[in-house]
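Student: Enclosed is the structure file final.cif (mmCIF, C-alpha atoms).
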data_input
#
loop_
_atom_site.label_atom_id
_atom_site.label_comp_id
_atom_site.auth_asym_id
_atom_site.auth_seq_id
_atom_site.Cartn_x
_atom_site.Cartn_y
_atom_site.Cartn_z
CA MET A 8 59.03 -87.47 7.88
CA ASP A 9 57.97 -84.02 6.58
CA GLY A 10 61.54 -82.81 6.89
CA LEU A 11 62.91 -85.64 4.75
CA MET A 12 60.23 -85.16 2.11
CA ILE A 13 60.70 -81.38 1.99
CA VAL A 14 64.50 -81.64 1.77
CA ALA A 15 64.21 -84.13 -1.09
CA LEU A 16 61.82 -81.84 -2.98
CA VAL A 17 64.01 -78.79 -2.33
CA ASN A 18 66.95 -80.69 -3.78
CA GLU A 19 64.88 -81.61 -6.84
CA VAL A 20 63.78 -77.99 -7.34
CA LEU A 21 67.34 -76.74 -6.96
CA ALA A 22 68.74 -79.43 -9.26
CA SER A 23 66.32 -78.62 -12.06
CA HIS A 24 66.44 -74.84 -11.36
CA LYS A 25 62.67 -74.65 -11.74
CA ARG A 26 59.40 -75.71 -10.22
CA ILE A 27 56.74 -77.48 -12.18
CA ASP A 28 53.75 -75.19 -12.75
CA ASN A 29 51.15 -77.86 -11.97
CA GLY A 30 52.98 -79.52 -9.08
CA PHE A 31 55.70 -82.11 -9.10
CA THR A 32 56.58 -84.73 -11.64
CA ALA A 33 56.33 -88.43 -10.85
CA PHE A 34 60.14 -88.57 -10.75
CA GLN A 35 60.33 -85.79 -8.15
CA ILE A 36 57.66 -87.48 -6.02
CA SER A 37 59.55 -90.79 -6.27
CA LYS A 38 62.66 -89.04 -4.92
CA ALA A 39 60.63 -87.80 -1.93
CA ILE A 40 59.25 -91.32 -1.34
CA GLU A 41 62.77 -92.77 -1.52
CA SER A 42 64.09 -90.14 0.90
CA VAL A 43 61.38 -90.92 3.48
CA LYS A 44 61.98 -94.66 3.11
CA ASN A 45 65.76 -94.32 3.49
CA GLY A 46 65.53 -91.78 6.31
CA CYS A 47 62.98 -93.35 8.64
CA GLY A 48 62.08 -96.71 7.13
CA ILE A 49 58.47 -95.77 6.38
CA ILE A 50 57.02 -96.63 3.01
CA VAL A 51 54.67 -93.93 1.74
CA SER A 52 52.73 -93.84 -1.51
CA ASP A 53 52.55 -91.22 -4.22
CA LYS A 54 49.07 -90.38 -2.95
CA ASN A 55 50.40 -89.82 0.61
CA VAL A 56 53.09 -87.45 -0.60
CA ARG A 57 50.72 -85.46 -2.82
CA ALA A 58 48.17 -85.14 0.00
CA ARG A 59 50.86 -83.96 2.41
CA LEU A 60 52.12 -81.46 -0.17
CA LYS A 61 48.61 -80.07 -0.54
CA THR A 62 48.44 -79.49 3.22
CA LEU A 63 51.92 -77.95 3.32
CA LYS A 64 51.07 -75.67 0.42
CA ARG A 65 47.96 -74.41 2.22
CA GLU A 66 50.02 -73.79 5.38
CA TYR A 67 52.70 -72.01 3.35
CA ALA A 68 50.05 -69.76 1.78
CA GLU A 69 48.67 -68.86 5.22
CA VAL A 70 52.10 -68.06 6.64
CA SER A 71 52.97 -66.02 3.53
CA GLN A 72 49.79 -64.06 3.94
CA LEU A 73 50.56 -63.46 7.62
CA LEU A 74 54.06 -62.26 6.80
CA SER A 75 52.67 -59.79 4.27
CA ILE A 76 50.71 -58.06 7.05
CA SER A 77 52.45 -55.17 8.75
CA GLY A 78 53.67 -56.11 12.23
CA PHE A 79 54.12 -59.82 11.54
CA GLY A 80 57.46 -61.54 11.09
CA TRP A 81 59.02 -64.99 11.14
CA ASP A 82 61.77 -66.16 13.50
CA ALA A 83 63.85 -68.66 11.55
CA GLU A 84 65.48 -70.11 14.68
CA THR A 85 62.24 -70.97 16.49
CA GLY A 86 59.96 -71.30 13.45
CA ARG A 87 57.41 -68.98 15.07
CA ILE A 88 55.35 -66.22 13.57
CA THR A 89 56.15 -63.12 15.58
CA ALA A 90 53.87 -60.18 16.34
CA ASP A 91 52.73 -58.23 19.36
CA SER A 92 49.53 -59.26 21.13
CA ILE A 93 47.55 -56.31 19.74
CA ALA A 94 48.36 -57.36 16.16
CA TRP A 95 47.36 -60.95 16.92
CA ASP A 96 44.10 -59.87 18.54
CA ASP A 97 43.20 -57.66 15.57
CA LEU A 98 44.04 -60.47 13.13
CA VAL A 99 42.01 -63.10 14.96
CA LYS A 100 38.96 -60.81 14.93
CA GLY A 101 38.98 -60.72 11.14
CA LYS A 102 40.48 -64.14 10.40
CA PRO A 103 39.89 -66.55 13.28
CA ASP A 104 41.47 -69.49 11.41
CA PHE A 105 44.84 -67.73 11.55
CA GLY A 106 44.87 -67.78 15.37
CA LYS A 107 46.50 -71.22 15.28
CA TRP A 108 49.73 -69.60 14.06
CA ARG A 109 50.11 -67.87 17.41
CA THR A 110 51.41 -71.18 18.81
CA LYS A 111 51.93 -73.39 15.76
CA LEU A 112 55.45 -73.62 14.36
CA CYS A 113 56.53 -73.35 10.76
CA ARG A 114 60.14 -74.49 10.97
CA ARG A 115 60.67 -75.05 7.26
CA TYR A 116 59.17 -71.86 5.83
CA ASP A 117 62.30 -71.09 3.77
CA ASP A 118 62.27 -74.57 2.24
CA MET A 119 58.55 -74.39 1.50
CA GLU A 120 59.14 -71.00 -0.14
CA CYS A 121 61.68 -72.70 -2.39
CA ILE A 122 59.22 -75.47 -3.23
CA PHE A 123 56.02 -73.48 -3.61
CA GLY A 124 57.39 -70.02 -4.31
CA ASN A 125 54.97 -67.48 -5.72
CA ASP A 126 52.48 -69.96 -7.13
CA THR A 127 50.11 -69.62 -4.20
CA ALA A 128 47.22 -67.19 -4.19
CA THR A 129 47.00 -65.02 -1.11
CA GLY A 130 43.91 -63.01 -1.97
CA ASP A 131 45.76 -59.71 -1.55
CA ARG A 132 44.26 -58.31 -4.73
CA ALA A 133 40.87 -59.97 -4.48
CA VAL A 134 37.83 -57.78 -5.07
CA SER A 135 34.22 -58.53 -4.27
CA GLY A 136 31.00 -56.85 -5.34
CA PHE A 137 30.74 -55.28 -1.90
CA ASP A 138 34.07 -53.45 -2.10
CA THR A 139 34.00 -49.72 -2.60
CA PHE A 140 36.58 -47.86 -4.56
CA SER A 141 37.76 -44.32 -4.19
CA PRO A 142 37.87 -42.29 -7.38
CA MET A 143 41.14 -42.46 -9.20
CA GLN A 144 43.45 -39.52 -8.89
CA VAL A 145 43.75 -38.10 -12.37
CA ASP A 146 46.51 -35.80 -13.47
CA GLU A 147 44.51 -33.09 -15.18
CA SER A 148 47.47 -31.83 -17.15
CA VAL A 149 47.78 -35.15 -18.96
CA ASN A 150 44.16 -35.23 -20.07
CA GLU A 151 43.85 -31.63 -21.20
CA LEU A 152 43.09 -31.16 -24.85
CA ASP A 153 44.76 -28.42 -26.77
CA THR A 154 42.45 -25.66 -27.82
CA PRO A 155 41.56 -26.14 -31.46
CA THR A 156 43.57 -24.16 -33.91
CA GLU A 157 43.12 -23.60 -37.59
CA ASP A 158 45.65 -26.38 -38.34
CA THR A 159 44.06 -28.98 -36.07
CA ASP A 160 40.39 -28.30 -36.82
CA PRO A 161 38.89 -31.02 -38.94
CA SER A 162 37.65 -29.78 -42.27
CA PRO A 163 33.98 -30.09 -43.09
CA VAL A 164 32.90 -32.73 -45.57
CA PRO A 165 33.91 -31.48 -49.02
CA THR A 166 31.24 -30.59 -51.56
CA HIS A 167 31.42 -31.11 -55.33
CA GLY A 168 32.71 -27.58 -55.77
CA ASP A 169 35.47 -28.25 -53.24
CA LEU A 170 36.44 -31.46 -55.02
CA GLU A 171 36.70 -29.60 -58.30
CA LYS A 172 39.07 -27.10 -56.77
CA VAL A 173 41.16 -29.81 -55.13
CA PHE A 174 41.52 -31.96 -58.23
CA MET A 175 42.20 -28.98 -60.51
CA SER A 176 44.89 -27.69 -58.17
CA LEU A 177 46.56 -31.11 -58.02
CA THR A 178 47.09 -31.42 -61.71
CA ASN A 179 47.57 -29.19 -64.68
CA THR A 180 46.72 -31.82 -67.20
CA THR A 181 43.54 -31.58 -69.15
CA ILE A 182 43.10 -35.34 -69.09
CA MET A 183 42.86 -35.42 -65.29
CA GLY A 184 40.60 -32.43 -65.30
CA ALA A 185 38.40 -34.01 -67.95
CA LEU A 186 38.13 -37.22 -65.86
CA VAL A 187 37.13 -35.26 -62.77
CA TYR A 188 34.45 -33.39 -64.64
CA GLU A 189 33.23 -36.57 -66.23
CA GLN A 190 32.88 -38.13 -62.76
CA LEU A 191 30.95 -35.08 -61.56
CA GLY A 192 28.74 -35.14 -64.64
CA ARG A 193 29.75 -31.66 -65.83
CA ASP A 194 31.42 -30.22 -68.85
CA PRO A 195 34.98 -29.06 -68.28
CA PRO A 196 35.69 -25.35 -68.50
CA PRO A 197 37.26 -24.13 -71.74
CA LEU A 198 41.02 -24.43 -71.99
CA PRO A 199 42.98 -21.20 -71.55
#
Write the structure described by the file as structure tokens, please.

Tutor:
Amino acid sequence: MDGLMIVALVNEVLASHKRIDNGFTAFQISKAIESVKNGCGIIVSDKNVRARLKTLKREYAEVSQLLSISGFGWDAETGRITADSIAWDDLVKGKPDFGKWRTKLCRRYDDMECIFGNDTATGDRAVSGFDTFSPMQVDESVNELDTPTEDTDPSPVPTHGDLEKVFMSLTNTTIMGALVYEQLGRDPPPLP
């Protein structure tokens, strides 16, 4: 029954060239129901299919996580997770729930990868408050600041005398000069 349902959903995914982010549409589920009914004569409901998909997705996530661990592989012919006994023993110490995969088969892993793809969380990048981090390696040459030079030093805040010099050097007109002096509350110097 699982095989018929999975094949129907794989065909739906391949036909539409995409998976639905939040699961499967009612139409896709109806195709799975129809496939099970035609293949083995059993009538299943939408609820049955969605519950079975939830279980298959959890199993797919576990197998994906196992396969991401060094030393573990998957034999497509037998549907077994492969690893040496030392790797299994080390895994079961830290994650006892994964011990079932030592004997349990996952014959349709490729199909489930097509159906569920990368939308399952594996916890590979999870961080808890108890995790410790090593300091980041910093390339010192990138963070070095140039030694200040005369061109890059910020100028001090200008005073009224500095403003007078700046404005007078910017313009040769007496009108601009007169406006600057008026703003500063001073009399302009005599014209040359």

Student: Quick one: distance from atom CA of A:Gly30 to atom CA of A:Met119 in Å, one decimal?

Tutor: 13.0 Å

Student: Measuring between only C-alpha atoms, which one of A:Glu84, A:Asp9, A:Asp118, A:Asp104 shows the shortest distance to A:Arg57?

Tutor: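 Ranked by minimum distance to A:Arg57, first place goes to A:Asp9.
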
Student: For this structure, which residues satisfy the selection - the PyMOL selection byres ((chain A and resi 109) around 9) - when it is evaluated on the file as given? I want them as a VMD selection string.

Tutor: chain A and resid 87 to 90 95 105 to 108 110 to 112

Student: Rounded to one decimal in Å, what is the spacing between atom CA of A:Phe34 and atom CA of A:Val56?

Tutor: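 Atom CA of A:Val56 lies at a distance of 12.4 Å from atom CA of A:Phe34.
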
Student: So which one's closest to A:Glu69, A:Cys121, A:Asn55, A:Lys100, A:Cys113? Using only C-alpha atoms, please.

Tutor: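 Under the stated criterion, the closest residue is A:Cys113.
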
Student: To one decimal place, how far is atom CA of A:Cys47 from atom CA of A:Leu60 in Å?

Tutor: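 For atom CA of A:Cys47 relative to atom CA of A:Leu60, the distance reads 18.4 Å.
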
Student: Between A:Val51, A:Ile93, A:Ile76, A:Ala22, single out the one closest to A:Ala39, counting only C-alpha atoms.

Tutor: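 Of A:Val51, A:Ile93, A:Ile76, A:Ala22, the one nearest A:Ala39, counting only C-alpha atoms, is A:Val51.
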
Student: For a quick check of understanding, using only C-alpha atoms, which of A:Gln35, A:Ser75, A:Ser42, A:Thr85 has the smallest distance to A:Val20?

Tutor: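 Checking each of A:Gln35, A:Ser75, A:Ser42, A:Thr85 against A:Val20, counting only C-alpha atoms, the winner is A:Gln35.
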
Student: Tell me which protein, DNA and RNA residues are within 10 Å of A:Gly46, counting only C-alpha atoms, leaving out same-chain ones fewer than 6 positions away, and put them as a list in words.

Tutor: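 Using only C-alpha atoms, the neighbours found are Met8, Gly10, Leu11, Met12 and Ile40 of chain A.
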
Student: For a quick check of understanding, using all atoms listed in the file, which of A:Lys61, A:Glu66, A:Ser37, A:Asp97 has the smallest distance to A:Gly78?

Tutor: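 Of the candidates, the smallest distance to A:Gly78 is held by A:Asp97.
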
Student: Could you list, as number ranges by chain, every residue matched by the PyMOL selection byres ((chain A and resi 122) around 10) in this structure?

Tutor: A: 13-14, 16-21, 25-27, 30-31, 60, 64, 67, 116-121, 123-126

Student: Once you have the residues from the selection above, write them out as a short mmCIF file (atom, residue, chain, number, x, y, z; two decimals), in the coordinates of the input, restricted to C-alpha atoms.

Tutor:
data_model
loop_
_atom_site.label_atom_id
_atom_site.label_comp_id
_atom_site.auth_asym_id
_atom_site.auth_seq_id
_atom_site.Cartn_x
_atom_site.Cartn_y
_atom_site.Cartn_z
CA ILE A 13 60.70 -81.38 1.99
CA VAL A 14 64.50 -81.64 1.77
CA LEU A 16 61.82 -81.84 -2.98
CA VAL A 17 64.01 -78.79 -2.33
CA ASN A 18 66.95 -80.69 -3.78
CA GLU A 19 64.88 -81.61 -6.84
CA VAL A 20 63.78 -77.99 -7.34
CA LEU A 21 67.34 -76.74 -6.96
CA LYS A 25 62.67 -74.65 -11.74
CA ARG A 26 59.40 -75.71 -10.22
CA ILE A 27 56.74 -77.48 -12.18
CA GLY A 30 52.98 -79.52 -9.08
CA PHE A 31 55.70 -82.11 -9.10
CA LEU A 60 52.12 -81.46 -0.17
CA LYS A 64 51.07 -75.67 0.42
CA TYR A 67 52.70 -72.01 3.35
CA TYR A 116 59.17 -71.86 5.83
CA ASP A 117 62.30 -71.09 3.77
CA ASP A 118 62.27 -74.57 2.24
CA MET A 119 58.55 -74.39 1.50
CA GLU A 120 59.14 -71.00 -0.14
CA CYS A 121 61.68 -72.70 -2.39
CA PHE A 123 56.02 -73.48 -3.61
CA GLY A 124 57.39 -70.02 -4.31
CA ASN A 125 54.97 -67.48 -5.72
CA ASP A 126 52.48 -69.96 -7.13
#

Student: Of the candidates A:Leu63, A:Val43, A:Ile49, A:Leu98, which one gets nearest to A:Ser77 if we count all atoms listed in the file?

Tutor: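 Using all atoms listed in the file, A:Ser77 sits closest to A:Leu98.
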